[in-house]
>>> print(open('work.cif').read())   # mmCIF, C-alpha atoms and all ligand atoms
data_coords
#
loop_
_atom_site.label_atom_id
_atom_site.label_comp_id
_atom_site.auth_asym_id
_atom_site.auth_seq_id
_atom_site.Cartn_x
_atom_site.Cartn_y
_atom_site.Cartn_z
CA MET H 1 -5.51 -56.08 -2.10
CA ALA H 2 -8.98 -56.63 -0.59
CA MET H 3 -10.77 -53.51 0.53
CA SER H 4 -11.36 -53.77 4.25
CA SER H 5 -14.05 -51.81 6.05
CA SER H 6 -12.39 -48.70 7.30
CA LYS H 7 -13.34 -45.47 8.98
CA TRP H 8 -14.33 -44.24 5.54
CA SER H 9 -16.99 -46.93 4.91
CA ASN H 10 -20.60 -46.01 5.49
CA PRO H 11 -21.52 -47.25 8.98
CA THR H 12 -25.24 -47.42 8.15
CA ARG H 13 -26.51 -51.03 7.97
CA VAL H 14 -27.55 -51.92 4.43
CA ASN H 15 -29.99 -54.64 3.41
CA ASP H 16 -28.65 -57.98 2.20
CA ALA H 17 -29.26 -57.36 -1.52
CA THR H 18 -27.23 -54.13 -1.42
CA SER H 19 -24.58 -55.83 0.64
CA ASN H 20 -24.25 -58.67 -1.93
CA LEU H 21 -23.97 -56.12 -4.70
CA ASN H 22 -21.20 -54.27 -2.88
CA TYR H 23 -19.38 -57.57 -2.30
CA LYS H 24 -19.53 -58.33 -6.05
CA LYS H 25 -18.13 -54.86 -6.86
CA ILE H 26 -15.22 -55.44 -4.52
CA LYS H 27 -14.50 -58.83 -6.12
CA ASP H 28 -14.65 -57.28 -9.60
CA ILE H 29 -12.12 -54.64 -8.55
CA GLU H 30 -9.84 -57.34 -7.16
CA ASN H 31 -9.94 -59.21 -10.46
CA MET H 32 -9.29 -56.11 -12.56
CA ASP H 33 -6.08 -55.82 -14.46
CA GLU H 34 -3.72 -53.32 -12.77
CA ARG H 35 -4.03 -51.09 -15.85
CA GLU H 36 -7.77 -50.69 -15.30
CA LYS H 37 -7.39 -49.89 -11.64
CA TYR H 38 -4.77 -47.15 -11.81
CA ALA H 39 -3.93 -44.36 -14.20
CA PHE H 40 -0.62 -42.54 -14.61
CA GLY H 41 -0.44 -38.88 -13.72
CA ASN H 42 2.72 -37.04 -14.62
CA TYR H 43 5.51 -39.28 -15.85
CA GLY H 44 8.64 -39.08 -17.97
CA TYR H 45 12.37 -39.64 -17.77
CA GLY H 46 15.53 -37.89 -18.86
CA LYS H 47 18.97 -36.68 -17.84
CA ASN H 48 19.64 -33.84 -15.40
CA HIS H 49 22.68 -31.56 -15.13
CA VAL H 50 24.25 -32.31 -18.52
CA LYS H 51 27.32 -30.04 -18.52
CA LEU H 52 28.43 -28.50 -21.78
CA LEU H 53 30.91 -25.86 -22.91
CA HIS H 54 30.59 -24.88 -26.56
CA VAL H 55 33.47 -23.04 -28.24
CA HIS H 56 32.69 -21.26 -31.49
CA ARG H 57 35.98 -20.62 -33.33
CA GLN H 58 36.05 -17.93 -36.02
CA GLY H 59 39.76 -17.85 -36.82
CA SER H 60 41.50 -16.37 -33.83
CA LEU H 61 38.24 -14.95 -32.37
CA HIS H 62 36.53 -17.48 -30.11
CA LYS H 63 33.09 -17.33 -28.47
CA ILE H 64 32.02 -19.56 -25.60
CA ARG H 65 28.73 -20.59 -24.03
CA GLU H 66 28.53 -22.86 -20.99
CA TYR H 67 25.38 -24.70 -19.93
CA GLU H 68 23.87 -27.09 -17.51
CA ILE H 69 20.97 -28.82 -19.27
CA ASP H 70 18.08 -31.02 -18.10
CA VAL H 71 16.25 -33.07 -20.74
CA TYR H 72 13.18 -35.26 -20.31
CA LEU H 73 11.00 -37.29 -22.65
CA ARG H 74 7.49 -38.62 -22.26
CA LEU H 75 6.64 -41.71 -24.30
CA SER H 76 3.22 -42.66 -25.64
CA THR H 77 3.25 -46.00 -23.81
CA GLN H 78 4.09 -46.84 -20.24
CA ASN H 79 5.21 -50.40 -21.01
CA ASP H 80 8.59 -49.63 -19.50
CA TYR H 81 6.92 -48.86 -16.17
CA LEU H 82 4.14 -51.45 -16.38
CA GLU H 83 5.88 -54.46 -17.90
CA GLY H 84 9.60 -53.87 -17.50
CA ASP H 85 9.71 -53.79 -21.30
CA ASN H 86 12.61 -51.50 -22.29
CA ARG H 87 12.28 -51.73 -26.06
CA GLN H 88 10.83 -48.21 -26.41
CA ILE H 89 13.31 -46.52 -24.10
CA ILE H 90 15.73 -43.95 -25.50
CA ALA H 91 18.28 -44.33 -22.70
CA THR H 92 18.99 -41.27 -20.61
CA ASP H 93 22.62 -41.82 -21.59
CA SER H 94 21.61 -41.54 -25.27
CA GLN H 95 19.66 -38.36 -24.44
CA LYS H 96 22.85 -36.91 -22.94
CA ASN H 97 24.85 -37.91 -26.03
CA THR H 98 22.22 -36.24 -28.24
CA VAL H 99 22.89 -32.94 -26.46
CA TYR H 100 26.59 -33.20 -27.35
CA VAL H 101 26.08 -34.40 -30.92
CA LEU H 102 23.56 -31.64 -31.77
CA ALA H 103 25.82 -29.01 -30.20
CA LYS H 104 28.72 -30.29 -32.35
CA LYS H 105 26.60 -30.45 -35.52
CA HIS H 106 24.62 -27.20 -35.24
CA GLY H 107 26.42 -25.02 -32.69
CA ILE H 108 24.44 -23.01 -30.14
CA LYS H 109 22.96 -19.69 -31.20
CA SER H 110 20.99 -19.15 -27.99
CA PRO H 111 19.79 -21.43 -25.20
CA GLU H 112 16.18 -21.08 -26.38
CA GLU H 113 17.04 -22.06 -29.97
CA PHE H 114 19.20 -24.97 -28.82
CA GLY H 115 16.34 -26.17 -26.59
CA LEU H 116 13.91 -25.94 -29.54
CA LEU H 117 16.36 -27.90 -31.72
CA LEU H 118 16.63 -30.67 -29.12
CA CYS H 119 12.83 -30.88 -28.83
CA SER H 120 12.34 -31.10 -32.63
CA HIS H 121 15.07 -33.70 -32.87
CA PHE H 122 13.46 -36.03 -30.33
CA LEU H 123 9.92 -35.53 -31.71
CA ASN H 124 11.02 -36.07 -35.33
CA THR H 125 13.32 -39.00 -34.67
CA TYR H 126 11.10 -41.07 -32.36
CA LYS H 127 7.41 -41.29 -33.25
CA HIS H 128 6.49 -42.64 -29.80
CA VAL H 129 7.84 -39.55 -28.02
CA VAL H 130 4.84 -37.37 -27.19
CA GLU H 131 6.50 -34.62 -25.16
CA VAL H 132 10.00 -33.23 -24.73
CA GLY H 133 11.19 -30.79 -22.10
CA VAL H 134 14.54 -29.01 -22.02
CA LYS H 135 15.74 -26.71 -19.27
CA LEU H 136 18.96 -24.74 -19.66
CA GLU H 137 21.06 -22.68 -17.26
CA GLU H 138 23.70 -20.52 -18.90
CA TYR H 139 26.75 -19.36 -16.99
CA PRO H 140 27.81 -15.73 -17.27
CA TRP H 141 31.17 -15.76 -19.05
CA GLU H 142 32.24 -12.36 -20.38
CA ARG H 143 35.06 -11.58 -22.75
CA LEU H 144 38.09 -10.45 -20.75
CA ARG H 145 39.52 -7.02 -21.48
CA ALA H 146 43.29 -6.73 -21.53
CA GLU H 147 45.23 -3.50 -22.14
CA GLY H 148 41.90 -1.77 -22.87
CA GLN H 149 41.08 -4.30 -25.58
CA ALA H 150 38.61 -7.21 -25.82
CA HIS H 151 40.54 -10.47 -25.66
CA ASN H 152 40.20 -12.97 -28.52
CA HIS H 153 39.99 -16.12 -26.44
CA ALA H 154 40.10 -15.32 -22.70
CA PHE H 155 36.99 -14.86 -20.57
CA VAL H 156 36.09 -13.82 -17.06
CA TYR H 157 33.29 -15.32 -15.02
CA SER H 158 31.14 -12.35 -14.04
CA PRO H 159 28.34 -13.64 -11.88
CA SER H 160 25.98 -10.75 -12.57
CA ALA H 161 23.11 -13.16 -13.36
CA ILE H 162 22.49 -16.69 -14.53
CA ARG H 163 20.34 -17.06 -17.63
CA LEU H 164 17.52 -19.61 -17.76
CA ALA H 165 15.54 -21.05 -20.65
CA GLN H 166 12.92 -23.76 -20.76
CA ILE H 167 11.15 -25.41 -23.70
CA VAL H 168 8.22 -27.81 -23.41
CA HIS H 169 7.16 -29.23 -26.78
CA LYS H 170 4.19 -31.58 -27.01
CA ARG H 171 3.59 -33.45 -30.25
CA ASN H 172 1.19 -31.57 -32.59
CA GLU H 173 1.33 -28.47 -30.41
CA ILE H 174 3.36 -25.29 -30.54
CA ALA H 175 6.47 -25.35 -28.34
CA GLN H 176 6.12 -23.35 -25.13
CA ILE H 177 9.21 -21.19 -24.62
CA SER H 178 10.17 -19.52 -21.35
CA GLY H 179 13.17 -17.42 -20.45
CA GLY H 180 14.47 -16.40 -17.08
CA LEU H 181 17.23 -15.06 -14.92
CA LYS H 182 18.40 -15.70 -11.38
CA ASN H 183 21.06 -14.58 -8.90
CA LEU H 184 20.98 -10.92 -10.01
CA ARG H 185 22.26 -9.41 -6.76
CA ILE H 186 21.95 -5.64 -6.51
CA LEU H 187 22.19 -2.96 -3.82
CA LYS H 188 21.69 0.78 -3.60
CA THR H 189 22.58 3.05 -0.71
CA THR H 190 19.82 5.66 -1.01
CA GLN H 191 16.61 6.51 -2.89
CA SER H 192 14.70 3.81 -1.02
CA ALA H 193 12.09 4.31 1.69
CA PHE H 194 9.50 2.22 3.46
CA LYS H 195 6.91 4.02 5.58
CA ASP H 196 3.19 4.49 6.34
CA PHE H 197 2.57 0.74 6.70
CA ILE H 198 0.14 -0.69 9.27
CA GLU H 199 0.60 0.70 12.76
CA ASP H 200 -0.67 -1.82 15.32
CA GLY H 201 0.39 -3.85 18.33
CA TYR H 202 2.72 -5.95 16.19
CA ARG H 203 4.73 -3.14 14.61
CA THR H 204 8.22 -2.31 15.84
CA LEU H 205 9.83 -1.24 12.53
CA PRO H 206 10.15 2.56 12.34
CA ASP H 207 9.39 4.48 9.15
CA ALA H 208 12.48 4.54 6.95
CA ASN H 209 12.86 7.64 4.78
CA ASP H 210 16.22 6.61 3.43
CA ARG H 211 17.39 3.01 3.67
CA ILE H 212 19.61 0.51 1.92
CA PHE H 213 17.76 -1.53 -0.71
CA SER H 214 19.30 -4.82 -1.71
CA THR H 215 17.82 -7.84 -3.44
CA VAL H 216 18.66 -10.91 -5.49
CA VAL H 217 16.31 -10.83 -8.45
CA SER H 218 14.96 -13.96 -10.07
CA SER H 219 12.37 -14.00 -12.81
CA THR H 220 10.82 -16.19 -15.49
CA TRP H 221 8.72 -15.17 -18.46
CA ASP H 222 6.74 -16.84 -21.26
CA TYR H 223 6.99 -16.05 -24.94
CA SER H 224 3.76 -16.02 -26.93
CA THR H 225 5.80 -16.52 -30.13
CA ALA H 226 9.35 -17.16 -31.28
CA ASN H 227 8.78 -15.24 -34.52
CA GLY H 228 11.15 -12.33 -34.88
CA VAL H 229 12.57 -12.80 -31.38
CA ASP H 230 16.29 -12.32 -30.84
CA PHE H 231 16.47 -14.24 -27.56
CA ASP H 232 19.90 -12.86 -26.61
CA ASP H 233 18.69 -9.27 -27.15
CA VAL H 234 15.50 -9.89 -25.16
CA TRP H 235 17.42 -11.35 -22.24
CA CYS H 236 19.72 -8.31 -22.09
CA ALA H 237 16.75 -5.94 -22.48
CA ILE H 238 14.92 -7.58 -19.57
CA LYS H 239 17.97 -7.38 -17.33
CA ASP H 240 18.34 -3.70 -18.31
CA CYS H 241 14.67 -3.00 -17.42
CA VAL H 242 15.18 -4.48 -13.95
CA LEU H 243 18.37 -2.47 -13.42
CA ASP H 244 16.75 0.68 -14.79
CA LYS H 245 13.76 0.52 -12.43
CA PHE H 246 16.02 -0.39 -9.51
CA ALA H 247 18.86 2.08 -10.06
CA GLY H 248 17.52 4.85 -12.31
CA ASP H 249 19.82 7.39 -13.88
CA PRO H 250 23.44 7.31 -12.71
CA GLU H 251 23.34 10.69 -10.93
CA LYS H 252 19.94 11.06 -9.35
CA GLY H 253 18.81 7.42 -9.25
CA ILE H 254 15.13 6.54 -8.93
CA PHE H 255 13.03 6.64 -5.77
CA SER H 256 11.56 3.39 -4.45
CA PRO H 257 8.67 3.59 -1.93
CA SER H 258 8.77 -0.20 -1.50
CA VAL H 259 10.16 -3.36 -3.05
CA GLN H 260 6.60 -4.12 -4.25
CA ASN H 261 6.44 -0.94 -6.32
CA THR H 262 9.92 -1.39 -7.82
CA LEU H 263 9.13 -4.98 -8.80
CA TYR H 264 5.86 -3.95 -10.45
CA LEU H 265 7.51 -1.09 -12.40
CA ALA H 266 10.20 -3.47 -13.69
CA GLU H 267 7.63 -6.05 -14.84
CA LYS H 268 5.46 -3.37 -16.46
CA MET H 269 8.44 -1.93 -18.35
CA ILE H 270 9.28 -5.43 -19.62
CA LEU H 271 5.73 -6.08 -20.90
CA ASP H 272 5.68 -2.56 -22.44
CA ASN H 273 9.01 -3.12 -24.23
CA VAL H 274 8.83 -6.76 -25.32
CA PRO H 275 5.54 -7.49 -27.11
CA GLN H 276 6.39 -11.19 -27.56
CA ILE H 277 6.27 -11.78 -23.80
CA SER H 278 2.82 -12.72 -22.49
CA ARG H 279 3.58 -13.23 -18.80
CA ILE H 280 6.36 -12.49 -16.35
CA GLU H 281 6.85 -13.41 -12.72
CA MET H 282 9.55 -11.97 -10.51
CA GLN H 283 10.86 -12.44 -7.01
CA MET H 284 12.73 -9.80 -5.06
CA PRO H 285 13.78 -10.95 -1.60
CA ASN H 286 14.39 -7.93 0.62
CA LYS H 287 17.95 -8.51 1.85
CA HIS H 288 18.06 -6.43 4.99
CA TYR H 289 20.96 -4.19 5.93
CA PHE H 290 20.18 -2.60 9.29
CA PRO H 291 22.12 0.43 10.60
CA VAL H 292 24.24 -0.59 13.59
CA ASN H 293 22.97 1.14 16.74
CA MET H 294 25.65 3.71 17.69
CA SER H 295 23.75 5.30 20.61
CA LYS H 296 26.22 3.66 23.02
CA PHE H 297 29.05 5.51 21.27
CA PRO H 298 27.89 9.15 21.55
CA GLN H 299 31.40 10.39 20.85
CA GLU H 300 31.00 8.98 17.32
CA ILE H 301 27.80 10.91 16.62
CA VAL H 302 29.02 14.14 15.07
CA ASP H 303 26.72 17.18 14.68
CA GLY H 304 23.71 15.09 15.78
CA HIS H 305 23.95 12.96 12.62
CA ASP H 306 22.82 9.39 13.11
CA ASN H 307 24.80 6.47 11.85
CA ASN H 308 24.34 5.98 8.13
CA GLU H 309 27.72 4.50 7.38
CA VAL H 310 27.91 1.22 9.28
CA TYR H 311 25.32 -1.47 8.58
CA LEU H 312 24.76 -5.06 9.61
CA PRO H 313 24.01 -7.33 6.62
CA VAL H 314 21.30 -9.72 7.81
CA ASP H 315 21.46 -13.14 6.21
CA LYS H 316 18.13 -14.46 7.49
CA PRO H 317 15.26 -13.84 7.57
CA SER H 318 14.69 -11.78 4.46
CA GLY H 319 11.43 -10.35 3.19
CA ILE H 320 10.10 -12.06 0.08
CA ILE H 321 8.19 -10.00 -2.44
CA TYR H 322 6.88 -11.56 -5.64
CA ALA H 323 4.26 -10.96 -8.31
CA GLU H 324 3.20 -12.23 -11.70
CA LEU H 325 2.05 -9.75 -14.32
CA HIS H 326 0.37 -10.83 -17.54
CA ARG H 327 -1.43 -9.19 -20.39
CA LYS H 328 -5.18 -9.05 -19.76
CA ASN H 329 -5.97 -11.17 -22.84
CA PHE H 330 -3.62 -13.88 -21.57
CA VAL H 331 -5.04 -16.87 -19.67
CA SER H 332 -2.49 -18.53 -17.42
CA LYS H 333 -2.13 -22.27 -18.09
CA LEU H 334 -1.16 -22.90 -14.46
O1 LIG H 401 9.70 -2.74 0.66
C1 LIG H 401 9.28 -3.34 1.67
N1 LIG H 401 8.09 -3.99 1.60
C2 LIG H 401 7.56 -4.66 2.66
O2 LIG H 401 6.45 -5.24 2.57
C3 LIG H 401 8.31 -4.67 3.85
N2 LIG H 401 8.10 -5.20 5.08
C4 LIG H 401 9.18 -4.87 5.84
O3 LIG H 401 9.33 -5.24 7.04
N3 LIG H 401 10.06 -4.12 5.14
C5 LIG H 401 9.54 -3.98 3.90
N4 LIG H 401 10.01 -3.34 2.80
#
>>> encode(input="work.cif", output="structure tokens")
Amino acid sequence: MAMSSSKWSNPTRVNDATSNLNYKKIKDIENMDEREKYAFGNYGYGKNHVKLLHVHRQGSLHKIREYEIDVYLRLSTQNDYLEGDNRQIIATDSQKNTVYVLAKKHGIKSPEEFGLLLCSHFLNTYKHVVEVGVKLEEYPWERLRAEGQAHNHAFVYSPSAIRLAQIVHKRNEIAQISGGLKNLRILKTTQSAFKDFIEDGYRTLPDANDRIFSTVVSSTWDYSTANGVDFDDVWCAIKDCVLDKFAGDPEKGIFSPSVQNTLYLAEKMILDNVPQISRIEMQMPNKHYFPVNMSKFPQEIVDGHDNNEVYLPVDKPSGIIYAELHRKNFVSKL
């Protein structure tokens, strides 16, 4: 397409020689091959939402793991995009089949290890694959207990949190491994306050000495190494750190002056306890539960005690508190 003069062109009149030169440049650009004019930024292709249930059968004792998996590949050439030449394409359907075949052949020890296996498979099998990415979401099935006993082959879906894992493996580089969790919904009825914040013409919220604290935690973290990491143990340990800093001991609990402080303490405990994690980010939306105003029902206010039994769960808006914490010797790649 010819470049027309636009509001971006220099309005200053140029002499004829310069003008001829500019004209030649424009003609050269017009004659350029498309490949010289434009460069690809991010590109790749794969299959999203590959659903998989894996059953590990040890005699009568069965173990299950259920996943939704996204896979993508990046090839060394872009001939598929540029020329409509499909000869280098590993079809997204074949990528999906690979997930099933590798699960059948090798089983699934953890989502991180299965993701690493898929990456190595694609890089080793196809020399023109330069990058593989695998994202996994694991659903929270727990062994059912019946008559006080763990059941051999029945499970209950206990949506306490969804587990996440992501692997990005570029050829000739070390695989980048991330873990994560989402949908961890928690609530406590005391040991939370929020006060002493800015008092100005915009403030209506009173100090709260004792409020409900509820959130839905989501978090992702990066591993600096896979050596010696038991990914299942780490995931449970991280969830326990979050619950510990939120709930504290079962009798007295733990005091929270703000969501910000609780989030920071959880992240710090995770970096203190898991040396193989270099960076963690966490989000804690503040799901508000406001006490219902009972001042119109004075007969219900006994001994001058305000209402602290009946609350209105507020769907929207919610506060959103988030922070990333990394070790000081770690340089974020973002
Ligand atoms: O823990 C909180 N942090 C805030 O920043 C905030 N803002 C707000 O209105 N309530 C709260 N609670």
>>> residues_near_ligand(input="work.cif", ligand="ligand LIG 401 (chain H)", cutoff="8 Å", atoms="all atoms listed in the file", output="ChimeraX atom specification")
/H:193-194,205,257-261,286,319,321
>>> closest_residue(input="work.cif", among="H:Ala208, H:Val217, H:Leu123, H:Val134", to="H:Arg171", atoms="only C-alpha atoms")
H:Leu123
>>> atom_distance(input="work.cif", atom1="atom CA of H:Gly148", atom2="atom CA of H:Asp233")
24.8 Å
>>> residues_around(input="work.cif", residues="H:Ser295", least_positions_apart="4", cutoff="12 Å", atoms="only C-alpha atoms", output="MDAnalysis selection string")
chainID H and resid 291 299:302 304:307
>>> atom_distance(input="work.cif", atom1="atom CA of H:Tyr72", atom2="atom CA of H:Gly133")
5.2 Å
>>> closest_residue(input="work.cif", among="H:Val50, H:Ile64, H:Ile167, H:Leu325", to="H:Thr92", atoms="only C-alpha atoms")
H:Val50
>>> residues_around(input="work.cif", residues="H:Ala323", least_positions_apart="4", cutoff="10 Å", atoms="all atoms listed in the file", output="PDB file with C-alpha atoms, in the frame of the given file")
ATOM      1  CA  SER H 219      12.370 -14.000 -12.810  1.00  0.00           C
ATOM      2  CA  GLN H 260       6.600  -4.120  -4.250  1.00  0.00           C
ATOM      3  CA  LEU H 263       9.130  -4.980  -8.800  1.00  0.00           C
ATOM      4  CA  TYR H 264       5.860  -3.950 -10.450  1.00  0.00           C
ATOM      5  CA  GLU H 267       7.630  -6.050 -14.840  1.00  0.00           C
ATOM      6  CA  ILE H 280       6.360 -12.490 -16.350  1.00  0.00           C
ATOM      7  CA  GLU H 281       6.850 -13.410 -12.720  1.00  0.00           C
ATOM      8  CA  MET H 282       9.550 -11.970 -10.510  1.00  0.00           C
ATOM      9  CA  GLN H 283      10.860 -12.440  -7.010  1.00  0.00           C
ATOM     10  CA  MET H 284      12.730  -9.800  -5.060  1.00  0.00           C
TER      11      MET H 284
END
>>> residues_near_point(input="work.cif", point="(7.5, -35.2, -23.3)", cutoff="6 Å", atoms="all atoms listed in the file", output="PyMOL selection string")
chain H and resi 73-74+130-133
>>> atom_distance(input="work.cif", atom1="atom CA of H:Pro111", atom2="atom CA of H:Glu66")
9.8 Å
>>> residues_near_point(input="work.cif", point="(9.7, -15.7, -18.7)", cutoff="12 Å", atoms="all atoms listed in the file", output="ChimeraX atom specification")
/H:112,163-167,176-182,218-224,231,234-235,238-239,267,270-271,274,276-282,324-326
>>> closest_residue(input="work.cif", among="H:His62, H:Lys104, H:His121, H:Lys195", to="H:Leu144", atoms="all atoms listed in the file")
H:His62
>>> closest_residue(input="work.cif", among="H:Tyr100, H:Leu75, H:Tyr157, H:Pro140", to="H:Phe122", atoms="all atoms listed in the file")
H:Leu75
>>> decode(input="work.cif", residues="stretch 236-252 of chain H", atoms="N, CA, C and O atoms", output="compact mmCIF listing (two decimals), in the first residue's frame")
# COMPACT_ATOMS: atom_id res chain seq x y z
N CYS H 236 0.85 -28.11 48.95
CA CYS H 236 0.12 -28.20 50.23
C CYS H 236 0.73 -27.24 51.25
O CYS H 236 0.00 -26.60 52.03
N ALA H 237 2.07 -27.14 51.26
CA ALA H 237 2.74 -26.27 52.23
C ALA H 237 2.34 -24.81 51.99
O ALA H 237 2.10 -24.04 52.94
N ILE H 238 2.24 -24.42 50.73
CA ILE H 238 1.89 -23.03 50.41
C ILE H 238 0.45 -22.74 50.86
O ILE H 238 0.17 -21.70 51.47
N LYS H 239 -0.43 -23.67 50.57
CA LYS H 239 -1.83 -23.48 50.99
C LYS H 239 -1.88 -23.38 52.54
O LYS H 239 -2.59 -22.52 53.08
N ASP H 240 -1.09 -24.21 53.21
CA ASP H 240 -1.08 -24.17 54.68
C ASP H 240 -0.55 -22.84 55.20
O ASP H 240 -1.03 -22.32 56.22
N CYS H 241 0.47 -22.27 54.54
CA CYS H 241 1.01 -20.96 54.96
C CYS H 241 -0.09 -19.90 54.86
O CYS H 241 -0.26 -19.07 55.78
N VAL H 242 -0.83 -19.91 53.75
CA VAL H 242 -1.89 -18.91 53.57
C VAL H 242 -2.93 -19.07 54.69
O VAL H 242 -3.33 -18.09 55.35
N LEU H 243 -3.33 -20.33 54.93
CA LEU H 243 -4.36 -20.57 55.95
C LEU H 243 -3.84 -20.21 57.34
O LEU H 243 -4.57 -19.66 58.17
N ASP H 244 -2.55 -20.49 57.57
CA ASP H 244 -1.96 -20.21 58.88
C ASP H 244 -1.95 -18.70 59.16
O ASP H 244 -2.34 -18.26 60.25
N LYS H 245 -1.53 -17.91 58.17
CA LYS H 245 -1.46 -16.46 58.39
C LYS H 245 -2.85 -15.82 58.38
O LYS H 245 -3.04 -14.73 58.90
N PHE H 246 -3.81 -16.48 57.78
CA PHE H 246 -5.18 -15.97 57.78
C PHE H 246 -5.89 -16.34 59.09
O PHE H 246 -6.51 -15.49 59.74
N ALA H 247 -5.77 -17.62 59.48
CA ALA H 247 -6.61 -18.13 60.56
C ALA H 247 -5.89 -18.20 61.91
O ALA H 247 -6.52 -18.03 62.96
N GLY H 248 -4.57 -18.49 61.88
CA GLY H 248 -3.84 -18.63 63.14
C GLY H 248 -4.24 -19.89 63.88
O GLY H 248 -4.85 -20.79 63.32
N ASP H 249 -3.89 -19.92 65.17
CA ASP H 249 -4.17 -21.16 65.91
C ASP H 249 -5.68 -21.30 66.16
O ASP H 249 -6.40 -20.31 66.19
N PRO H 250 -6.14 -22.55 66.30
CA PRO H 250 -7.58 -22.80 66.28
C PRO H 250 -8.35 -22.12 67.41
O PRO H 250 -9.54 -21.84 67.27
N GLU H 251 -7.68 -21.81 68.52
CA GLU H 251 -8.43 -21.20 69.63
C GLU H 251 -8.38 -19.69 69.60
O GLU H 251 -9.41 -19.02 69.65
N LYS H 252 -7.18 -19.14 69.53
CA LYS H 252 -7.05 -17.68 69.62
C LYS H 252 -7.07 -17.00 68.26
O LYS H 252 -7.34 -15.81 68.16
